[in-house]
Each structure stands twice: as structure tokens, then as C-alpha cells.
>>> print(open('start25.txt').read())   # compact mmCIF, C-alpha atoms
# COMPACT_ATOMS: atom_id res chain seq x y z
CA MET A 29 0.77 6.67 -47.39
CA ILE A 30 1.12 8.51 -50.68
CA LYS A 31 -2.05 6.90 -51.90
CA ALA A 32 -3.86 7.99 -48.74
CA ALA A 33 -2.59 11.53 -49.22
CA ALA A 34 -3.76 11.55 -52.83
CA THR A 35 -7.20 10.30 -51.78
CA LEU A 36 -7.38 12.90 -49.05
CA SER A 37 -6.47 15.73 -51.36
CA SER A 38 -9.05 14.66 -53.92
CA VAL A 39 -11.65 14.54 -51.17
CA LEU A 40 -10.63 18.02 -50.09
CA LEU A 41 -10.85 19.18 -53.68
CA LEU A 42 -14.36 17.78 -53.99
CA VAL A 43 -15.41 19.45 -50.75
CA GLY A 44 -13.98 22.70 -52.03
CA MET A 45 -15.72 22.48 -55.38
CA SER A 46 -19.10 21.65 -53.92
CA GLY A 47 -19.47 25.24 -52.76
CA CYS A 48 -20.41 24.08 -49.30
CA SER A 49 -17.49 25.69 -47.61
CA VAL A 50 -16.98 29.15 -46.18
CA TYR A 51 -15.69 31.51 -48.91
CA SER A 52 -18.08 29.90 -51.32
CA GLY A 53 -19.26 33.06 -53.07
CA ALA A 54 -15.82 33.75 -54.46
CA VAL A 55 -13.64 32.15 -57.06
CA ASN A 56 -10.69 31.92 -54.75
CA THR A 57 -7.47 31.61 -56.65
CA PHE A 58 -5.28 32.61 -53.72
CA GLY A 59 -5.77 29.43 -51.72
CA PRO A 60 -7.79 28.74 -48.65
CA ASP A 61 -5.89 31.13 -46.40
CA LYS A 62 -6.93 34.27 -48.25
CA PRO A 63 -10.60 35.08 -48.44
CA VAL A 64 -10.13 37.57 -51.28
CA SER A 65 -10.37 36.33 -54.83
CA ASP A 66 -9.28 37.75 -58.16
CA VAL A 67 -12.90 38.50 -58.89
CA ALA A 68 -13.27 40.58 -55.76
CA VAL A 69 -10.10 42.54 -56.47
CA ASN A 70 -11.15 43.33 -60.05
CA THR A 71 -14.66 44.46 -59.22
CA GLU A 72 -15.30 48.17 -58.90
CA GLY A 73 -17.35 49.25 -55.95
CA GLU A 74 -18.18 47.38 -52.81
CA LEU A 75 -18.38 43.62 -52.89
CA MET A 76 -19.91 41.65 -50.05
CA LEU A 77 -18.89 38.06 -49.71
CA SER A 78 -20.82 35.75 -47.46
CA LYS A 79 -18.81 34.29 -44.63
CA GLU A 80 -21.40 31.54 -44.20
CA PRO A 81 -21.83 28.46 -46.34
CA PRO A 82 -24.87 28.60 -48.64
CA PRO A 83 -28.06 27.70 -46.75
CA PHE A 84 -28.90 24.76 -49.00
CA CYS A 85 -25.75 22.89 -48.05
CA PRO A 86 -26.34 19.91 -45.77
CA ALA A 87 -25.14 20.13 -42.19
CA PRO A 88 -21.71 18.43 -42.02
CA ILE A 89 -22.20 14.85 -40.87
CA ALA A 90 -19.08 15.19 -38.73
CA ASP A 91 -21.15 17.28 -36.29
CA THR A 92 -23.42 14.28 -35.78
CA PHE A 93 -20.55 12.48 -34.07
CA ALA A 94 -19.04 15.36 -32.11
CA GLU A 95 -20.95 14.42 -28.96
CA THR A 96 -20.19 10.73 -29.38
CA ASP A 97 -16.50 11.35 -29.90
CA GLN A 98 -16.27 13.12 -26.55
CA ALA A 99 -16.59 9.63 -25.09
CA MET A 100 -13.66 8.30 -27.15
CA PRO A 101 -10.98 7.06 -24.73
CA LEU A 102 -7.53 8.61 -25.12
CA ALA A 103 -4.99 6.53 -27.00
CA PRO A 104 -2.78 4.46 -24.68
CA ILE A 105 0.70 5.90 -24.12
CA TYR A 106 3.83 3.75 -24.62
CA LYS A 107 7.05 5.35 -23.36
CA GLN A 108 10.44 4.42 -22.05
CA LEU A 109 12.34 5.96 -19.19
CA TYR A 110 16.11 5.45 -18.91
CA PHE A 111 18.26 4.91 -15.85
CA ILE A 112 21.73 5.75 -14.62
CA PHE A 113 24.10 2.72 -14.71
CA ASP A 114 23.59 0.22 -11.89
CA SER A 115 20.95 2.38 -10.30
CA ASP A 116 17.21 2.81 -9.98
CA GLU A 117 17.63 6.54 -10.53
CA LEU A 118 16.34 8.08 -13.74
CA THR A 119 18.61 10.06 -16.05
CA GLU A 120 18.00 13.79 -16.04
CA GLN A 121 16.19 13.75 -19.38
CA SER A 122 14.03 10.80 -18.34
CA ARG A 123 13.15 12.52 -15.07
CA ARG A 124 11.67 15.34 -17.12
CA ASP A 125 9.88 12.88 -19.42
CA ALA A 126 8.56 11.06 -16.38
CA GLU A 127 6.95 14.25 -15.06
CA ALA A 128 5.02 14.61 -18.31
CA ILE A 129 3.94 10.97 -18.30
CA TYR A 130 2.87 11.09 -14.65
CA GLN A 131 0.85 14.20 -15.40
CA ALA A 132 -0.83 12.42 -18.30
CA VAL A 133 -1.78 9.59 -15.93
CA LEU A 134 -3.49 12.02 -13.55
CA GLU A 135 -5.41 13.65 -16.40
CA ARG A 136 -6.99 10.38 -17.49
CA ASP A 137 -10.28 8.87 -16.48
CA ALA A 138 -9.82 5.50 -14.78
CA PRO A 139 -6.09 5.30 -15.57
CA GLU A 140 -4.12 2.06 -15.46
CA VAL A 141 -0.34 1.96 -15.63
CA LEU A 142 1.82 -1.03 -16.59
CA VAL A 143 5.49 -0.66 -15.69
CA THR A 144 8.16 -3.14 -16.83
CA GLY A 145 11.74 -2.87 -15.61
CA HIS A 146 14.77 -3.83 -17.73
CA THR A 147 18.56 -3.69 -17.43
CA ASP A 148 21.51 -3.78 -19.80
CA THR A 149 23.64 -6.94 -20.00
CA SER A 150 26.41 -5.68 -17.73
CA GLY A 151 26.44 -7.71 -14.49
CA SER A 152 24.98 -11.07 -13.53
CA VAL A 153 21.51 -12.24 -14.47
CA ALA A 154 20.49 -12.47 -10.82
CA LEU A 155 21.68 -8.94 -10.06
CA ASN A 156 19.94 -7.62 -13.14
CA ASP A 157 16.67 -9.31 -12.26
CA ALA A 158 16.76 -7.59 -8.90
CA LEU A 159 17.80 -4.27 -10.46
CA SER A 160 15.04 -4.35 -13.06
CA LYS A 161 12.53 -5.03 -10.29
CA ARG A 162 13.87 -2.06 -8.30
CA ARG A 163 13.55 0.17 -11.36
CA ALA A 164 9.92 -0.78 -11.90
CA GLU A 165 9.23 -0.32 -8.19
CA ALA A 166 10.90 3.11 -8.22
CA VAL A 167 8.54 4.30 -10.95
CA ARG A 168 5.63 2.76 -9.09
CA GLU A 169 6.60 4.67 -5.93
CA ASP A 170 6.82 7.92 -7.92
CA LEU A 171 3.35 7.31 -9.34
CA ILE A 172 1.86 6.62 -5.93
CA GLU A 173 3.56 9.71 -4.55
CA ILE A 174 1.86 12.00 -7.07
CA GLY A 175 -1.51 10.46 -6.33
CA VAL A 176 -2.04 7.49 -8.64
CA LYS A 177 -4.00 4.74 -6.91
CA PRO A 178 -1.70 1.81 -6.07
CA ASP A 179 -4.17 -0.81 -7.25
CA THR A 180 -4.17 0.67 -10.77
CA ILE A 181 -0.40 0.18 -11.19
CA ARG A 182 1.02 -3.18 -12.23
CA THR A 183 4.76 -3.80 -12.26
CA PHE A 184 6.77 -6.44 -14.11
CA TYR A 185 10.49 -7.06 -14.40
CA LYS A 186 12.53 -8.72 -17.10
CA GLY A 187 16.15 -8.30 -15.96
CA GLU A 188 18.49 -8.34 -18.96
CA SER A 189 16.35 -10.84 -20.88
CA GLU A 190 14.69 -8.40 -23.26
CA PRO A 191 17.22 -5.80 -24.35
CA LEU A 192 15.99 -3.10 -26.69
CA ILE A 193 19.42 -3.01 -28.33
CA ASP A 194 21.20 -6.30 -28.96
CA THR A 195 24.63 -5.84 -27.46
CA GLY A 196 25.77 -9.30 -26.42
CA ASP A 197 26.57 -10.03 -22.79
CA GLY A 198 28.42 -7.71 -20.42
CA VAL A 199 27.76 -4.42 -22.24
CA LYS A 200 26.67 -1.15 -20.67
CA GLU A 201 23.96 0.34 -22.85
CA LEU A 202 21.80 3.24 -21.75
CA ARG A 203 18.90 2.33 -24.02
CA ASN A 204 18.60 -1.07 -22.36
CA ARG A 205 18.54 0.38 -18.84
CA ARG A 206 14.91 1.31 -18.94
CA VAL A 207 11.38 0.88 -17.78
CA GLU A 208 8.67 0.56 -20.37
CA ILE A 209 5.60 2.37 -19.25
CA ASN A 210 2.15 1.84 -20.70
CA VAL A 211 -0.57 4.26 -19.64
CA ARG A 212 -4.07 3.08 -20.48
CA MET B 28 14.06 -7.67 -34.89
CA TYR B 29 13.64 -3.91 -34.71
CA PRO B 30 13.74 -2.36 -31.24
CA ALA B 31 10.21 -1.02 -31.64
CA GLN B 32 8.93 -4.48 -32.48
CA LYS B 33 10.77 -5.87 -29.55
CA LEU B 34 9.24 -3.28 -27.26
CA CYS B 35 5.78 -4.04 -28.50
CA LEU B 36 6.35 -7.75 -28.17
CA SER B 37 7.52 -7.49 -24.60
CA LEU B 38 4.60 -5.22 -23.72
CA ALA B 39 2.28 -7.63 -25.42
CA MET B 40 3.70 -10.54 -23.48
CA MET B 41 3.29 -8.85 -20.18
CA LEU B 42 -0.37 -8.24 -20.96
CA VAL B 43 -0.95 -11.97 -21.27
CA PRO B 44 -1.38 -12.91 -17.61
CA THR B 45 -3.74 -10.06 -16.84
CA PHE B 46 -6.01 -10.44 -19.81
CA ALA B 47 -6.01 -14.20 -20.07
CA MET B 48 -9.50 -14.41 -18.56
CA ALA B 49 -11.61 -15.58 -21.43
CA GLU B 50 -14.42 -13.13 -21.74
CA SER B 51 -13.25 -9.82 -20.27
CA ILE B 52 -12.26 -7.80 -23.33
CA ALA B 53 -12.28 -4.05 -22.70
CA THR B 54 -12.27 -1.40 -19.98
CA ILE B 55 -14.78 1.42 -19.54
CA LYS B 56 -12.63 4.55 -19.82
CA LYS B 57 -15.27 7.20 -20.37
CA LEU B 58 -18.74 7.32 -18.93
CA SER B 59 -21.46 9.90 -18.54
CA GLY B 60 -25.21 9.77 -18.04
CA GLU B 61 -27.12 6.54 -17.79
CA VAL B 62 -25.51 3.48 -19.33
CA SER B 63 -26.56 -0.10 -18.70
CA ILE B 64 -25.01 -3.42 -19.56
CA VAL B 65 -26.99 -6.57 -20.20
CA ARG B 66 -24.83 -9.57 -19.34
CA GLY B 67 -26.62 -12.89 -19.61
CA ALA B 68 -29.75 -12.57 -17.51
CA ASP B 69 -28.45 -9.55 -15.56
CA THR B 70 -28.74 -5.86 -16.25
CA LEU B 71 -25.96 -3.87 -14.58
CA PRO B 72 -25.23 -0.16 -14.43
CA ALA B 73 -21.95 0.64 -16.20
CA ALA B 74 -19.14 1.92 -13.96
CA LEU B 75 -15.95 3.76 -14.89
CA GLY B 76 -12.88 1.53 -14.87
CA GLU B 77 -14.82 -1.72 -14.97
CA ARG B 78 -14.35 -4.43 -17.55
CA VAL B 79 -16.88 -5.42 -20.18
CA HIS B 80 -17.25 -8.93 -21.54
CA GLN B 81 -17.83 -10.55 -24.86
CA ASN B 82 -21.57 -10.76 -25.65
CA ASP B 83 -22.35 -7.83 -23.37
CA ARG B 84 -25.10 -5.62 -24.69
CA ILE B 85 -24.64 -1.94 -23.86
CA SER B 86 -27.40 0.68 -23.92
CA THR B 87 -26.93 4.41 -23.36
CA GLY B 88 -29.73 6.67 -22.15
CA ALA B 89 -30.78 9.99 -23.69
CA GLN B 90 -27.79 11.68 -21.97
CA GLY B 91 -25.59 8.60 -21.79
CA ARG B 92 -22.18 8.08 -23.37
CA ILE B 93 -19.59 5.37 -22.98
CA GLY B 94 -16.00 4.91 -24.16
CA LEU B 95 -14.31 1.50 -24.26
CA LEU B 96 -10.61 0.67 -24.54
CA PHE B 97 -10.15 -2.86 -25.86
CA ASP B 98 -7.10 -4.95 -24.95
CA ASP B 99 -5.58 -4.49 -28.42
CA ASP B 100 -5.88 -0.68 -27.98
CA SER B 101 -8.93 -0.44 -30.23
CA ARG B 102 -11.18 2.32 -28.95
CA LEU B 103 -14.92 2.72 -29.22
CA ALA B 104 -17.27 5.54 -28.27
CA ALA B 105 -21.06 5.26 -28.17
CA GLY B 106 -23.24 8.37 -28.00
CA PRO B 107 -26.66 8.95 -26.44
CA GLY B 108 -29.51 6.62 -27.34
CA SER B 109 -27.25 3.84 -28.55
CA THR B 110 -27.54 0.08 -28.27
CA ILE B 111 -24.55 -2.05 -29.17
CA SER B 112 -23.55 -5.70 -28.75
CA LEU B 113 -19.97 -6.81 -28.24
CA ALA B 114 -20.66 -9.69 -30.59
CA ASP B 115 -17.18 -11.09 -31.02
CA TYR B 116 -13.75 -10.34 -29.65
CA SER B 117 -10.52 -12.24 -29.47
CA TYR B 118 -6.97 -10.94 -29.21
CA ASP B 119 -3.72 -12.81 -28.84
CA PRO B 120 -1.12 -10.27 -27.66
CA ARG B 121 1.73 -12.48 -28.90
CA THR B 122 0.61 -12.80 -32.49
CA ARG B 123 -1.65 -9.75 -32.44
CA LYS B 124 -4.25 -11.81 -34.17
CA GLY B 125 -7.91 -12.09 -33.42
CA GLU B 126 -11.00 -10.16 -34.31
CA LEU B 127 -13.37 -7.51 -33.12
CA ASP B 128 -17.00 -7.33 -34.16
CA VAL B 129 -19.34 -4.83 -32.58
CA GLN B 130 -22.95 -4.83 -33.66
CA VAL B 131 -24.62 -1.42 -33.69
CA ASP B 132 -28.39 -1.67 -33.41
CA GLU B 133 -29.14 1.95 -32.77
CA GLY B 134 -27.46 5.28 -32.13
CA THR B 135 -24.05 6.71 -32.95
CA VAL B 136 -20.79 4.84 -32.59
CA SER B 137 -17.20 5.77 -33.44
CA LEU B 138 -14.38 3.25 -33.63
CA ILE B 139 -10.61 3.58 -33.89
CA ALA B 140 -8.96 0.28 -34.73
CA GLY B 141 -6.06 -0.92 -32.58
CA ARG B 142 -3.42 -3.59 -33.02
CA LEU B 143 -5.82 -6.16 -34.42
CA ALA B 144 -5.99 -4.14 -37.61
CA GLU B 145 -2.23 -3.71 -38.01
CA HIS B 146 -1.74 -6.85 -40.05
CA ASN B 147 -5.31 -7.54 -40.99
CA PRO B 148 -7.60 -4.54 -41.49
CA ASP B 149 -10.54 -6.93 -41.88
CA ALA B 150 -10.12 -8.16 -38.31
CA VAL B 151 -11.92 -5.12 -36.92
CA LYS B 152 -15.48 -4.50 -37.94
CA LEU B 153 -18.71 -2.82 -37.05
CA THR B 154 -21.95 -4.50 -38.08
CA TYR B 155 -24.85 -2.15 -38.77
CA PRO B 156 -27.97 -1.94 -40.96
CA ALA B 157 -27.38 -1.08 -44.60
CA THR B 158 -29.35 2.16 -44.30
CA SER B 159 -26.98 3.70 -41.76
CA ALA B 160 -24.97 6.88 -42.27
CA VAL B 161 -21.24 6.26 -42.26
CA PHE B 162 -18.49 8.83 -41.80
CA VAL B 163 -14.74 8.44 -41.85
CA SER B 164 -12.43 11.09 -40.44
CA GLY B 165 -8.74 10.33 -40.13
CA ASN B 166 -8.49 7.04 -38.27
CA THR B 167 -12.02 7.23 -36.89
CA PHE B 168 -14.88 5.28 -38.40
CA SER B 169 -18.31 6.50 -37.33
CA VAL B 170 -21.77 5.15 -37.96
CA LYS B 171 -25.22 6.49 -37.15
CA VAL B 172 -28.07 4.00 -37.03
CA ASP B 173 -31.64 5.25 -36.82
CA ASN B 174 -34.19 3.08 -35.16
CA LEU B 175 -36.75 2.77 -37.93
CA LYS B 176 -39.34 1.08 -35.73
CA LYS B 177 -39.29 3.88 -33.20
CA GLU B 178 -39.93 6.46 -35.88
CA GLY B 179 -42.96 4.63 -37.13
CA ASN B 180 -41.40 3.56 -40.41
CA ASP B 181 -41.87 -0.10 -39.58
>>> encode(input="start25.txt", output="C-alpha cells")
Amino acid sequence: MIKAAATLSSVLLLVGMSGCSVYSGAVNTFGPDKPVSDVAVNTEGELMLSKEPPPFCPAPIADTFAETDQAMPLAPIYKQLYFIFDSDELTEQSRRDAEAIYQAVLERDAPEVLVTGHTDTSGSVALNDALSKRRAEAVREDLIEIGVKPDTIRTFYKGESEPLIDTGDGVKELRNRRVEINVR
Amino acid sequence: MYPAQKLCLSLAMMLVPTFAMAESIATIKKLSGEVSIVRGADTLPAALGERVHQNDRISTGAQGRIGLLFDDDSRLAAGPGSTISLADYSYDPRTRKGELDVQVDEGTVSLIAGRLAEHNPDAVKLTYPATSAVFVSGNTFSVKVDNLKKEGND
């Protein structure tokens, strides 16, 4: 990470020194935020600085890909929503998070949603299997209600078999009472 | 195991049944203009939300663009006038191993590597002629390949 940052800053330095950037006419010792240099301040009379890069600079190659990158799919979203104990009802915070996630689904082209229900280890395995299924189904129903096509939603349920936090058996743990939601 | 790893693992495992079909490797998530897919002896029009297969050859028209989301979350965008081949793709969601190789014959292509590259950056690659222009911005690798024959430089 540090190495990447060092590389990046040296690249930026090179770009800056090449003169092919906007305040290129000036020796800018105040940093990139201030377009006025020491030279400009110390010069008597009017000084015009070009706001354009010099004409002999090549067009930035990044522009070549701007049109292409409009077709870049959005990164998949991985989120968790948490539930009230022994219930398929979301916690208040997760209800707010869910709104944002559902909105993100609607904003996507050809969205797919994978929903996996989980429980904590409190209660029997059989009850938890059923509960985790209900949780996944509850999120699925919410998604359908706001207009997501049913055939683009897939639900799975894991009961208490894949806790996020290892608690041992018979422990109430909010972070394990969840659905994992993957928006693609 | 860290919780995040565990989360990823469980998500990965649930992807197994759906993506176990051998050759379907990515979903068309962005589409505009004319885009065609050559699959074996068939030429099909691309459609949003449909799957593409290994060895598919994708061509975009003068106004065409396509965006693919691979099963390992790698993402690829091809701009107008592009021809690419999905030469090689494999992904095991359990181990996160496999490889992606997309051959760019012509046009502009950007690629953001997904999970395949997490443990092995060499697993994800674009193949393109040596004379191409390459640009890297953040996590995006872009390449522009001119068709020399078309421009009379044969």
C-alpha cells in the first residue's frame, strides 16, 4: 500500500513536471490548489497565465477510454442485514440499510440478488434452519414489493451452521442473526 | 478464520450450484448499440442480463458497447468497434482459483480484476498485440488496439 502510494505520487510528480497540466505557465510553489505562483506575485504589472495546457501536449489517453468505461458494470455489493432475536424482522438500523440496498438494486441494469439467511446458535438446529429461511424470504418479499423481478432473486438458508462470530452453541448474538445480500 | 473471510466463503459456496454449468462464465450487465456474439457456428445478438460462455467472440458495432460481470466479480467493458474473445476462464468459488484470459483483437477494452487476482495477480490477463496503447488508472487496466489491416498498414 505504501509502495503503491509512493509510485502514485511519483507519477503525479512526473505529470506535474511535464508541463502538460493546467497552471503550466507558472512556477507554482503554493501547491495545486492555488493558481498563483511566487513569480506572478513578484511581477509588476499585469500577468496573464494560461488556464489551458500547452497546445503541444498530447491529449490525455484516459479520454480514449471514457466512452468504453461507461459500459463498465458496477461493482457487486456485499452487505449484511441484522434481525431482531427469534424473528424475521430487521433491526431498525438494518431497515434503513435495507432501503439503501434495495434502491441500489433498482438503479442497476439487469440486477441479480442473492440472499442467504442465517441465525445465531440460540435454539435448535431445526428451528434455526426454518428461521434462516424465513429471514431470507422476508428480504425477498421486500425486494419484490419495491419492484425487483422475482426471477432475479435467489434465496439460500444456512440456519446456524455458518456463524459470522464464533460463539459456541446456545448463544444469542446479533451479528449472527443476519442475511447476507449480494447485489450483482 | 476472520468473519470477513467466513462471509466471503459462505457467499462463494452458495454461488457453486448456480454457476456450476461448465461454460457460462459472465453476465451482460451493460449494453448499448449493436453487439453480436459468435458462439460456435452461431452469431447471436447480445442481450442485457444474458450469460456469455467461454470461447464466445464478442463484436461491438460503431455505436456498440458491452459490460460483462464475471463470476469472480471481475468486470470488463468493451467500447465501440471492438472484437474480443473470451479465450479462457475458470473460477472455483471455494478456492478462488482459476484464470481469466480475454483476447483483444481490436478496439478499446477496460478490465477490473475480481477475486481471481486476490491471491494470484497473474491469474487475470488481457492478451493484445504488442503495439497497443495501455493505460492504468486506479484498479482499471485499459488497452486500445488499432486494426492495422483496416488502416492500410498491412
>>> closest_atom_pairs(input="start25.txt", of="chain A", to="chain B", cutoff="8 Å", atoms="all atoms listed in the file", output="tab-separated table")
residue	atom	partner	partner_atom	distance
A:Ile89	CA	B:Phe162	CA	7.1
A:Ala90	CA	B:Phe162	CA	7.1
A:Phe93	CA	B:Thr135	CA	6.8
A:Glu95	CA	B:Gly106	CA	6.5
A:Thr96	CA	B:Gly106	CA	4.1
A:Asp97	CA	B:Ala104	CA	6.1
A:Gln98	CA	B:Ala104	CA	7.8
A:Ala99	CA	B:Gly94	CA	4.8
A:Met100	CA	B:Ala104	CA	4.7
A:Pro101	CA	B:Gly94	CA	5.5
A:Ala103	CA	B:Asp100	CA	7.3
A:Pro104	CA	B:Asp100	CA	6.8
A:Asp137	CA	B:Lys56	CA	5.9
A:Ala138	CA	B:Gly76	CA	5.0
A:Pro139	CA	B:Gly76	CA	7.8
A:Phe184	CA	B:Met41	CA	7.4
A:Glu190	CA	B:Ser37	CA	7.4
A:Leu192	CA	B:Pro30	CA	5.1
A:Ile193	CA	B:Pro30	CA	6.4
A:Glu208	CA	B:Leu38	CA	7.8
>>> residues_around(input="start25.txt", residues="A:Val153", least_positions_apart="4", cutoff="7 Å", atoms="all atoms listed in the file", output="list in words")
Asp157, Gly187 and Glu188 of chain A
>>> residues_around(input="start25.txt", residues="A:Leu134", least_positions_apart="4", cutoff="9 Å", atoms="only C-alpha atoms", output="number ranges by chain")
A: 129-130, 139, 174-176
>>> write_last_selection(input="start25.txt", atoms="C-alpha atoms", output="tab-separated table (two decimals), in the coordinates of the input")
chain	number	residue	atom	x	y	z
A	129	ILE	CA	3.94	10.97	-18.30
A	130	TYR	CA	2.87	11.09	-14.65
A	139	PRO	CA	-6.09	5.30	-15.57
A	174	ILE	CA	1.86	12.00	-7.07
A	175	GLY	CA	-1.51	10.46	-6.33
A	176	VAL	CA	-2.04	7.49	-8.64
>>> residues_around(input="start25.txt", residues="A:Val141", least_positions_apart="5", cutoff="12 Å", atoms="all atoms listed in the file", output="PyMOL selection string")
(chain A and resi 104-107+129-130+132-134+136+164+167-168+171-172+176-184+207-212) or (chain B and resi 38+42)
>>> residues_around(input="start25.txt", residues="B:Leu71", least_positions_apart="6", cutoff="10 Å", atoms="only C-alpha atoms", output="PyMOL selection string")
chain B and resi 62-65+85
>>> write_last_selection(input="start25.txt", atoms="C-alpha atoms", output="compact mmCIF listing (two decimals), in the frame of the given file")
# COMPACT_ATOMS: atom_id res chain seq x y z
CA VAL B 62 -25.51 3.48 -19.33
CA SER B 63 -26.56 -0.10 -18.70
CA ILE B 64 -25.01 -3.42 -19.56
CA VAL B 65 -26.99 -6.57 -20.20
CA ILE B 85 -24.64 -1.94 -23.86
>>> atom_distance(input="start25.txt", atom1="atom CA of A:Glu127", atom2="atom CA of B:Arg78")
28.4 Å
>>> atom_distance(input="start25.txt", atom1="atom CA of B:Ser112", atom2="atom CA of B:Asn82")
6.3 Å
>>> atom_distance(input="start25.txt", atom1="atom CA of B:Asp149", atom2="atom CA of B:Thr87")
27.2 Å
>>> closest_residue(input="start25.txt", among="B:Leu143, B:Pro72, B:Val131, B:Gly88", to="B:Tyr118", atoms="all atoms listed in the file")
B:Leu143
>>> residues_around(input="start25.txt", residues="B:Val129", least_positions_apart="5", cutoff="10 Å", atoms="all atoms listed in the file", output="list in words")
Gln81, Asn82, Arg84, Leu103, Ile111, Ser112, Leu113, Ala114, Asp115, Tyr116, Val136, Leu138, Val151, Lys152, Leu153, Thr154 and Tyr155 of chain B
>>> write_last_selection(input="start25.txt", atoms="C-alpha atoms", output="PDB file, in the coordinates of the input")
ATOM      1  CA  GLN B  81     -17.830 -10.550 -24.860  1.00  0.00           C
ATOM      2  CA  ASN B  82     -21.570 -10.760 -25.650  1.00  0.00           C
ATOM      3  CA  ARG B  84     -25.100  -5.620 -24.690  1.00  0.00           C
ATOM      4  CA  LEU B 103     -14.920   2.720 -29.220  1.00  0.00           C
ATOM      5  CA  ILE B 111     -24.550  -2.050 -29.170  1.00  0.00           C
ATOM      6  CA  SER B 112     -23.550  -5.700 -28.750  1.00  0.00           C
ATOM      7  CA  LEU B 113     -19.970  -6.810 -28.240  1.00  0.00           C
ATOM      8  CA  ALA B 114     -20.660  -9.690 -30.590  1.00  0.00           C
ATOM      9  CA  ASP B 115     -17.180 -11.090 -31.020  1.00  0.00           C
ATOM     10  CA  TYR B 116     -13.750 -10.340 -29.650  1.00  0.00           C
ATOM     11  CA  VAL B 136     -20.790   4.840 -32.590  1.00  0.00           C
ATOM     12  CA  LEU B 138     -14.380   3.250 -33.630  1.00  0.00           C
ATOM     13  CA  VAL B 151     -11.920  -5.120 -36.920  1.00  0.00           C
ATOM     14  CA  LYS B 152     -15.480  -4.500 -37.940  1.00  0.00           C
ATOM     15  CA  LEU B 153     -18.710  -2.820 -37.050  1.00  0.00           C
ATOM     16  CA  THR B 154     -21.950  -4.500 -38.080  1.00  0.00           C
ATOM     17  CA  TYR B 155     -24.850  -2.150 -38.770  1.00  0.00           C
TER      18      TYR B 155
END
